[in-house]
file upload27.csv (CSV, C-alpha atoms)
chain,number,residue,atom,x,y,z
A,1484,LEU,CA,87.3,-27.9,-14.9
A,1485,PRO,CA,85.7,-26.2,-17.9
A,1486,HIS,CA,82.8,-23.8,-17.0
A,1487,GLN,CA,79.3,-25.2,-17.7
A,1488,ILE,CA,77.2,-22.7,-19.5
A,1489,SER,CA,73.5,-23.0,-19.3
A,1490,VAL,CA,71.5,-21.5,-22.2
A,1491,ILE,CA,67.9,-20.4,-21.5
A,1492,MET,CA,65.8,-20.7,-24.5
A,1493,PRO,CA,63.0,-18.2,-24.9
A,1494,LEU,CA,59.5,-19.6,-24.4
A,1495,ARG,CA,57.4,-19.8,-27.5
A,1496,PHE,CA,53.5,-19.7,-27.4
A,1497,CYS,CA,51.3,-20.9,-30.1
A,1498,PRO,CA,48.9,-18.0,-31.0
A,1499,PHE,CA,46.0,-20.4,-31.5
A,1500,THR,CA,46.5,-21.9,-28.0
A,1501,VAL,CA,46.6,-18.4,-26.4
A,1502,GLY,CA,43.4,-17.5,-28.2
A,1503,LEU,CA,41.7,-20.6,-26.9
A,1504,PHE,CA,42.8,-19.8,-23.3
A,1505,VAL,CA,41.6,-16.2,-23.4
A,1506,ALA,CA,38.3,-17.2,-24.9
A,1507,SER,CA,37.7,-19.8,-22.3
A,1508,VAL,CA,38.4,-17.3,-19.5
A,1509,VAL,CA,36.0,-14.7,-21.0
A,1510,LEU,CA,33.3,-17.3,-21.5
A,1511,GLY,CA,33.7,-18.6,-18.0
A,1512,THR,CA,33.3,-15.1,-16.6
A,1513,LEU,CA,30.2,-14.4,-18.6
A,1514,HIS,CA,28.7,-17.7,-17.5
A,1515,GLU,CA,29.3,-16.9,-13.8
A,1516,ARG,CA,27.7,-13.5,-14.2
A,1517,SER,CA,24.7,-15.0,-16.0
A,1518,ASN,CA,24.2,-17.5,-13.2
A,1519,SER,CA,24.5,-14.8,-10.6
A,1520,LYS,CA,21.8,-12.7,-12.3
A,1521,LYS,CA,19.5,-15.8,-12.6
A,1522,LYS,CA,19.9,-16.5,-8.9
A,1523,SER,CA,19.2,-12.9,-8.0
A,1524,SER,CA,16.1,-12.8,-10.3
A,1525,SER,CA,15.0,-16.2,-8.9
A,1526,GLY,CA,15.4,-14.9,-5.3
A,1527,SER,CA,13.3,-11.8,-6.2
A,1528,ASP,CA,10.6,-13.9,-7.8
A,1529,ASP,CA,10.5,-16.2,-4.8
A,1530,THR,CA,10.1,-13.2,-2.4
A,1531,LYS,CA,7.2,-11.9,-4.5
A,1532,LYS,CA,5.6,-15.3,-4.5
A,1533,SER,CA,6.0,-15.6,-0.8
A,1534,GLU,CA,4.4,-12.2,-0.2
A,1535,ALA,CA,1.5,-13.1,-2.5
A,1536,THR,CA,0.9,-16.4,-0.7
A,1537,SER,CA,0.9,-14.7,2.6
A,1538,LEU,CA,-1.6,-12.1,1.5
A,1539,GLN,CA,-3.9,-14.7,-0.2
A,1540,ASP,CA,-5.0,-15.7,3.3
A,1541,CYS,CA,-6.1,-12.2,4.2
A,1542,ASN,CA,-9.6,-10.8,4.2
A,1543,VAL,CA,-10.3,-7.1,3.6
A,1544,VAL,CA,-13.2,-4.8,4.4
A,1545,PHE,CA,-13.2,-1.4,2.7
A,1546,VAL,CA,-14.4,1.4,5.0
A,1547,VAL,CA,-15.5,4.6,3.2
A,1548,GLY,CA,-17.3,7.8,4.1
A,1549,GLY,CA,-16.9,11.5,4.0
A,1550,PRO,CA,-14.3,13.3,6.2
A,1551,GLY,CA,-15.4,13.2,9.8
A,1552,ALA,CA,-18.0,10.4,9.3
A,1553,GLY,CA,-16.4,8.4,12.1
A,1554,LYS,CA,-14.6,5.8,10.0
A,1555,GLY,CA,-11.5,5.8,12.2
A,1556,THR,CA,-13.4,5.8,15.5
A,1557,GLN,CA,-15.5,2.8,14.5
A,1558,CYS,CA,-12.5,0.9,13.0
A,1559,GLN,CA,-10.5,1.4,16.2
A,1560,LEU,CA,-13.3,0.2,18.4
A,1561,PHE,CA,-13.8,-2.9,16.2
A,1562,VAL,CA,-10.2,-4.0,16.3
A,1563,GLU,CA,-9.9,-3.4,20.0
A,1564,ARG,CA,-12.9,-5.7,20.7
A,1565,ASN,CA,-12.3,-8.3,18.0
A,1566,PRO,CA,-8.9,-10.1,17.9
A,1567,GLY,CA,-7.4,-11.0,14.6
A,1568,TRP,CA,-8.4,-7.7,13.0
A,1569,ALA,CA,-6.2,-4.7,12.2
A,1570,HIS,CA,-7.1,-1.2,11.2
A,1571,LEU,CA,-5.2,0.4,8.4
A,1572,SER,CA,-5.9,4.1,7.6
A,1573,ALA,CA,-5.0,5.1,4.0
A,1574,GLY,CA,-4.8,8.7,5.2
A,1575,ASP,CA,-2.5,7.9,8.2
A,1576,LEU,CA,-0.2,5.9,6.0
A,1577,LEU,CA,0.1,8.8,3.5
A,1578,ARG,CA,0.7,11.3,6.3
A,1579,ALA,CA,3.4,9.0,7.8
A,1580,GLU,CA,5.1,8.8,4.4
A,1581,ARG,CA,4.9,12.6,4.1
A,1582,LYS,CA,6.8,13.0,7.3
A,1583,ASN,CA,9.5,10.5,6.3
A,1584,PRO,CA,12.6,12.6,5.5
A,1585,GLN,CA,14.0,9.9,3.2
A,1586,SER,CA,10.8,9.7,1.1
A,1587,LYS,CA,11.0,11.1,-2.4
A,1588,ILE,CA,7.2,11.4,-2.6
A,1589,GLY,CA,6.6,13.0,0.8
A,1590,GLU,CA,6.3,16.5,-0.6
A,1591,LEU,CA,3.9,15.4,-3.3
A,1592,ILE,CA,1.7,13.7,-0.7
A,1593,ASN,CA,1.8,16.7,1.5
A,1594,SER,CA,0.7,19.1,-1.2
A,1595,LYS,CA,-2.2,16.8,-2.3
A,1596,ILE,CA,-3.5,16.3,1.2
A,1597,ALA,CA,-3.3,20.1,2.1
A,1598,ALA,CA,-5.3,20.9,-1.1
A,1599,GLY,CA,-8.0,18.3,-0.2
A,1600,GLN,CA,-7.1,16.3,-3.4
A,1601,LEU,CA,-6.5,12.6,-3.9
A,1602,VAL,CA,-3.0,11.2,-3.9
A,1603,PRO,CA,-2.0,9.1,-6.9
A,1604,SER,CA,-3.6,5.7,-6.4
A,1605,SER,CA,-0.5,3.6,-7.1
A,1606,ILE,CA,1.2,5.2,-4.1
A,1607,THR,CA,-1.7,4.5,-1.8
A,1608,ALA,CA,-2.2,0.9,-2.9
A,1609,LYS,CA,1.6,0.2,-2.5
A,1610,LEU,CA,1.6,1.6,1.0
A,1611,LEU,CA,-1.5,-0.4,2.0
A,1612,GLY,CA,0.1,-3.6,0.6
A,1613,ASN,CA,3.3,-3.0,2.6
A,1614,ALA,CA,1.3,-2.3,5.8
A,1615,MET,CA,-0.6,-5.5,5.3
A,1616,MET,CA,2.6,-7.6,4.9
A,1617,THR,CA,4.0,-6.0,8.1
A,1618,ASN,CA,0.9,-7.0,10.1
A,1619,SER,CA,0.0,-10.3,8.4
A,1620,ASN,CA,1.7,-12.5,10.9
A,1621,ASP,CA,-0.6,-11.4,13.7
A,1622,ASN,CA,-3.7,-10.5,11.7
A,1623,LYS,CA,-5.5,-11.9,8.7
A,1624,ASN,CA,-8.4,-9.5,8.6
A,1625,PHE,CA,-8.1,-5.9,7.8
A,1626,LEU,CA,-10.3,-2.8,8.0
A,1627,ILE,CA,-9.0,-0.5,5.3
A,1628,ASP,CA,-10.2,3.0,6.2
A,1629,GLY,CA,-10.6,5.7,3.6
A,1630,PHE,CA,-10.0,3.5,0.5
A,1631,PRO,CA,-11.1,3.2,-2.3
A,1632,ARG,CA,-12.1,6.8,-3.1
A,1633,SER,CA,-12.0,6.8,-6.9
A,1634,HIS,CA,-12.2,4.5,-9.9
A,1635,GLU,CA,-8.5,4.9,-10.2
A,1636,ASN,CA,-8.1,3.6,-6.6
A,1637,ILE,CA,-10.0,0.4,-7.6
A,1638,SER,CA,-7.8,-0.1,-10.7
A,1639,ALA,CA,-4.6,0.4,-8.7
A,1640,TRP,CA,-5.8,-2.0,-6.0
A,1641,HIS,CA,-6.5,-4.8,-8.5
A,1642,GLU,CA,-3.1,-4.2,-10.2
A,1643,THR,CA,-1.1,-4.2,-7.0
A,1644,LEU,CA,-3.0,-6.7,-4.8
A,1645,PRO,CA,-5.1,-8.9,-7.0
A,1646,GLU,CA,-4.8,-11.9,-4.7
A,1647,ILE,CA,-6.7,-10.4,-1.8
A,1648,THR,CA,-10.3,-11.2,-1.0
A,1649,ILE,CA,-12.6,-8.2,-0.4
A,1650,LYS,CA,-15.4,-9.3,2.0
A,1651,CYS,CA,-17.6,-6.2,1.8
A,1652,VAL,CA,-17.7,-2.4,2.0
A,1653,LEU,CA,-18.9,-0.3,5.0
A,1654,SER,CA,-20.1,3.1,3.9
A,1655,PHE,CA,-20.5,5.6,6.8
A,1656,GLU,CA,-23.0,8.3,5.9
A,1657,CYS,CA,-23.4,11.6,7.7
A,1658,PRO,CA,-24.8,15.1,6.8
A,1659,GLU,CA,-22.2,17.7,5.7
A,1660,GLU,CA,-22.8,20.1,8.5
A,1661,VAL,CA,-22.3,17.4,11.1
A,1662,LEU,CA,-19.1,16.5,9.4
A,1663,VAL,CA,-17.9,20.1,9.3
A,1664,GLY,CA,-18.6,20.6,13.0
A,1665,ARG,CA,-16.8,17.4,14.0
A,1666,LEU,CA,-13.7,18.3,12.0
A,1667,LEU,CA,-13.5,21.8,13.2
A,1668,GLU,CA,-13.6,20.5,16.7
A,1669,ARG,CA,-10.9,18.0,15.9
A,1670,GLY,CA,-8.8,20.7,14.3
A,1671,GLN,CA,-8.4,22.5,17.6
A,1672,THR,CA,-6.2,19.7,18.9
A,1673,SER,CA,-5.1,17.6,15.9
A,1674,GLY,CA,-2.6,20.0,14.4
A,1675,ARG,CA,-3.6,18.7,10.9
A,1676,ASN,CA,-3.4,21.3,8.1
A,1677,ASP,CA,-6.5,19.8,6.4
A,1678,ASP,CA,-8.8,20.5,9.4
A,1679,THR,CA,-9.8,24.0,8.3
A,1680,ILE,CA,-13.2,25.1,7.1
A,1681,ASP,CA,-12.1,25.7,3.5
A,1682,VAL,CA,-10.2,22.4,3.1
A,1683,ILE,CA,-12.9,20.5,4.9
A,1684,ARG,CA,-15.5,21.6,2.3
A,1685,LYS,CA,-13.1,20.9,-0.5
A,1686,ARG,CA,-12.6,17.4,0.8
A,1687,PHE,CA,-16.3,16.8,1.1
A,1688,GLN,CA,-16.9,18.1,-2.4
A,1689,THR,CA,-14.2,15.8,-3.7
A,1690,TYR,CA,-15.8,12.9,-1.8
A,1691,GLN,CA,-19.2,13.6,-3.2
A,1692,LYS,CA,-17.9,14.0,-6.8
A,1693,GLU,CA,-15.4,11.1,-7.0
A,1694,SER,CA,-16.1,8.6,-4.2
A,1695,LEU,CA,-19.9,8.2,-4.3
A,1696,PRO,CA,-19.8,6.9,-7.9
A,1697,VAL,CA,-17.3,4.3,-6.7
A,1698,LEU,CA,-19.9,2.7,-4.4
A,1699,GLU,CA,-22.0,2.0,-7.5
A,1700,GLU,CA,-19.1,0.2,-9.1
A,1701,LEU,CA,-18.3,-1.8,-6.0
A,1702,ARG,CA,-21.9,-2.7,-5.5
A,1703,LYS,CA,-21.8,-4.7,-8.8
A,1704,THR,CA,-19.3,-7.2,-7.3
A,1705,MET,CA,-19.7,-7.1,-3.6
A,1706,THR,CA,-22.0,-6.1,-0.7
A,1707,VAL,CA,-22.1,-2.5,0.3
A,1708,HIS,CA,-23.5,-1.7,3.8
A,1709,HIS,CA,-24.8,1.8,4.3
A,1710,ILE,CA,-24.4,2.9,8.0
A,1711,ALA,CA,-25.9,6.1,9.4
A,1712,SER,CA,-23.1,7.6,11.5
A,1713,ASP,CA,-24.6,10.7,12.9
A,1714,LYS,CA,-25.6,8.8,16.0
A,1715,PRO,CA,-23.8,8.1,19.3
A,1716,VAL,CA,-20.6,6.1,18.9
A,1717,GLU,CA,-21.8,3.0,20.7
A,1718,GLU,CA,-25.1,2.9,18.7
A,1719,VAL,CA,-23.2,3.1,15.5
A,1720,TYR,CA,-20.8,0.3,16.7
A,1721,LYS,CA,-23.7,-2.0,17.4
A,1722,THR,CA,-24.8,-1.6,13.8
A,1723,VAL,CA,-21.3,-2.3,12.6
A,1724,VAL,CA,-20.6,-5.4,14.7
A,1725,GLY,CA,-24.0,-6.8,13.7
A,1726,LEU,CA,-22.8,-7.1,10.1
A,1727,PHE,CA,-20.1,-9.7,11.0
call {"tool": "encode", "arguments": {"input": "upload27.csv", "output": "structure tokens"}}
result
Amino acid sequence: LPHQISVIMPLRFCPFTVGLFVASVVLGTLHERSNSKKKSSSGSDDTKKSEATSLQDCNVVFVVGGPGAGKGTQCQLFVERNPGWAHLSAGDLLRAERKNPQSKIGELINSKIAAGQLVPSSITAKLLGNAMMTNSNDNKNFLIDGFPRSHENISAWHETLPEITIKCVLSFECPEEVLVGRLLERGQTSGRNDDTIDVIRKRFQTYQKESLPVLEELRKTMTVHHIASDKPVEEVYKTVVGLF
């Protein structure tokens, strides 16, 4: 039988068809990437809206006063005796961030606190907002201790947390020498590098210069309660609780 020979003809592609195929693949890939970015952006926006909605239900009381005026002591007593309230100390949040080895701003915060200076307001406002979100499931009322202390603080708060209601301001007032004595005594056991006589006086001067004018600004839009805190702790507490 004669041999059957198969001839394989080379495939021929139309350049126009190939071009259409490549273009469709590229456009499809770009479309998928675009949708992915939109979903990611939408998810981020939804998260921000959820956080804002959660914080809208919260009430805040600003607690201010010179270093050693008893802000922390009174806040702690109040939250222990009044469920639904949480105490957030701006200073404690900053010190915790300073000790965080993964924080890029820890060294900056440390140098500012040690020098008795104010930390950039945007950092403080962000830390306070994060702390409120963390505690908002169990508490809807917050005593924010040591904030605001400058006009910049107020601006940063409104930019970062515009949806939160400020109920009032508690201003603890105490003579300088009483404050110095309290902080020197605390410094014997606290281990804090800002509880030294020089830094204490710098902190008080900073408070007098930058924080007191803030009370005048706050008074224009909310109630500011002035509380004499050079009295026994329980006596001061009775004054505080009588305001709520």
call {"tool": "closest_residue", "arguments": {"input": "upload27.csv", "among": "A:Val1652, A:Val1716, A:Ile1637, A:Leu1538", "to": "A:Lys1623", "atoms": "only C-alpha atoms"}}
result
A:Leu1538
call {"tool": "closest_residue", "arguments": {"input": "upload27.csv", "among": "A:Val1562, A:Val1682, A:Ile1606, A:Leu1611", "to": "A:Lys1587", "atoms": "all atoms listed in the file"}}
result
A:Ile1606
call {"tool": "closest_residue", "arguments": {"input": "upload27.csv", "among": "A:Glu1580, A:Asp1681, A:Glu1646, A:Glu1656", "to": "A:Gly1549", "atoms": "all atoms listed in the file"}}
result
A:Glu1656
call {"tool": "residues_around", "arguments": {"input": "upload27.csv", "residues": "A:Thr1648", "least_positions_apart": "6", "cutoff": "10 Å", "atoms": "only C-alpha atoms", "output": "ChimeraX atom specification"}}
result
/A:1538-1544,1624
call {"tool": "residues_around", "arguments": {"input": "upload27.csv", "residues": "A:Ser1638", "least_positions_apart": "3", "cutoff": "12 Å", "atoms": "only C-alpha atoms", "output": "list of chain:residue names"}}
result
A:Pro1603, A:Ser1604, A:Ser1605, A:Thr1607, A:Ala1608, A:Phe1630, A:Pro1631, A:Arg1632, A:Ser1633, A:His1634, A:Glu1635, A:His1641, A:Glu1642, A:Thr1643, A:Leu1644, A:Pro1645, A:Val1697, A:Glu1700, A:Leu1701
call {"tool": "write_last_selection", "arguments": {"input": "upload27.csv", "atoms": "C-alpha atoms", "output": "PDB file, in the coordinates of the input"}}
result
ATOM      1  CA  PRO A1603      -2.000   9.100  -6.900  1.00  0.00           C
ATOM      2  CA  SER A1604      -3.600   5.700  -6.400  1.00  0.00           C
ATOM      3  CA  SER A1605      -0.500   3.600  -7.100  1.00  0.00           C
ATOM      4  CA  THR A1607      -1.700   4.500  -1.800  1.00  0.00           C
ATOM      5  CA  ALA A1608      -2.200   0.900  -2.900  1.00  0.00           C
ATOM      6  CA  PHE A1630     -10.000   3.500   0.500  1.00  0.00           C
ATOM      7  CA  PRO A1631     -11.100   3.200  -2.300  1.00  0.00           C
ATOM      8  CA  ARG A1632     -12.100   6.800  -3.100  1.00  0.00           C
ATOM      9  CA  SER A1633     -12.000   6.800  -6.900  1.00  0.00           C
ATOM     10  CA  HIS A1634     -12.200   4.500  -9.900  1.00  0.00           C
ATOM     11  CA  GLU A1635      -8.500   4.900 -10.200  1.00  0.00           C
ATOM     12  CA  HIS A1641      -6.500  -4.800  -8.500  1.00  0.00           C
ATOM     13  CA  GLU A1642      -3.100  -4.200 -10.200  1.00  0.00           C
ATOM     14  CA  THR A1643      -1.100  -4.200  -7.000  1.00  0.00           C
ATOM     15  CA  LEU A1644      -3.000  -6.700  -4.800  1.00  0.00           C
ATOM     16  CA  PRO A1645      -5.100  -8.900  -7.000  1.00  0.00           C
ATOM     17  CA  VAL A1697     -17.300   4.300  -6.700  1.00  0.00           C
ATOM     18  CA  GLU A1700     -19.100   0.200  -9.100  1.00  0.00           C
ATOM     19  CA  LEU A1701     -18.300  -1.800  -6.000  1.00  0.00           C
TER      20      LEU A1701
END
call {"tool": "closest_residue", "arguments": {"input": "upload27.csv", "among": "A:Lys1685, A:Glu1660, A:Leu1653, A:Pro1550", "to": "A:Lys1595", "atoms": "only C-alpha atoms"}}
result
A:Lys1685
call {"tool": "residues_around", "arguments": {"input": "upload27.csv", "residues": "A:Asn1622", "least_positions_apart": "2", "cutoff": "7 Å", "atoms": "all atoms listed in the file", "output": "PDB file with C-alpha atoms, in the frame of the given file"}}
result
ATOM      1  CA  GLY A1567      -7.400 -11.000  14.600  1.00  0.00           C
ATOM      2  CA  TRP A1568      -8.400  -7.700  13.000  1.00  0.00           C
ATOM      3  CA  ALA A1569      -6.200  -4.700  12.200  1.00  0.00           C
ATOM      4  CA  ASN A1618       0.900  -7.000  10.100  1.00  0.00           C
ATOM      5  CA  SER A1619       0.000 -10.300   8.400  1.00  0.00           C
ATOM      6  CA  ASN A1620       1.700 -12.500  10.900  1.00  0.00           C
ATOM      7  CA  ASN A1624      -8.400  -9.500   8.600  1.00  0.00           C
TER       8      ASN A1624
END
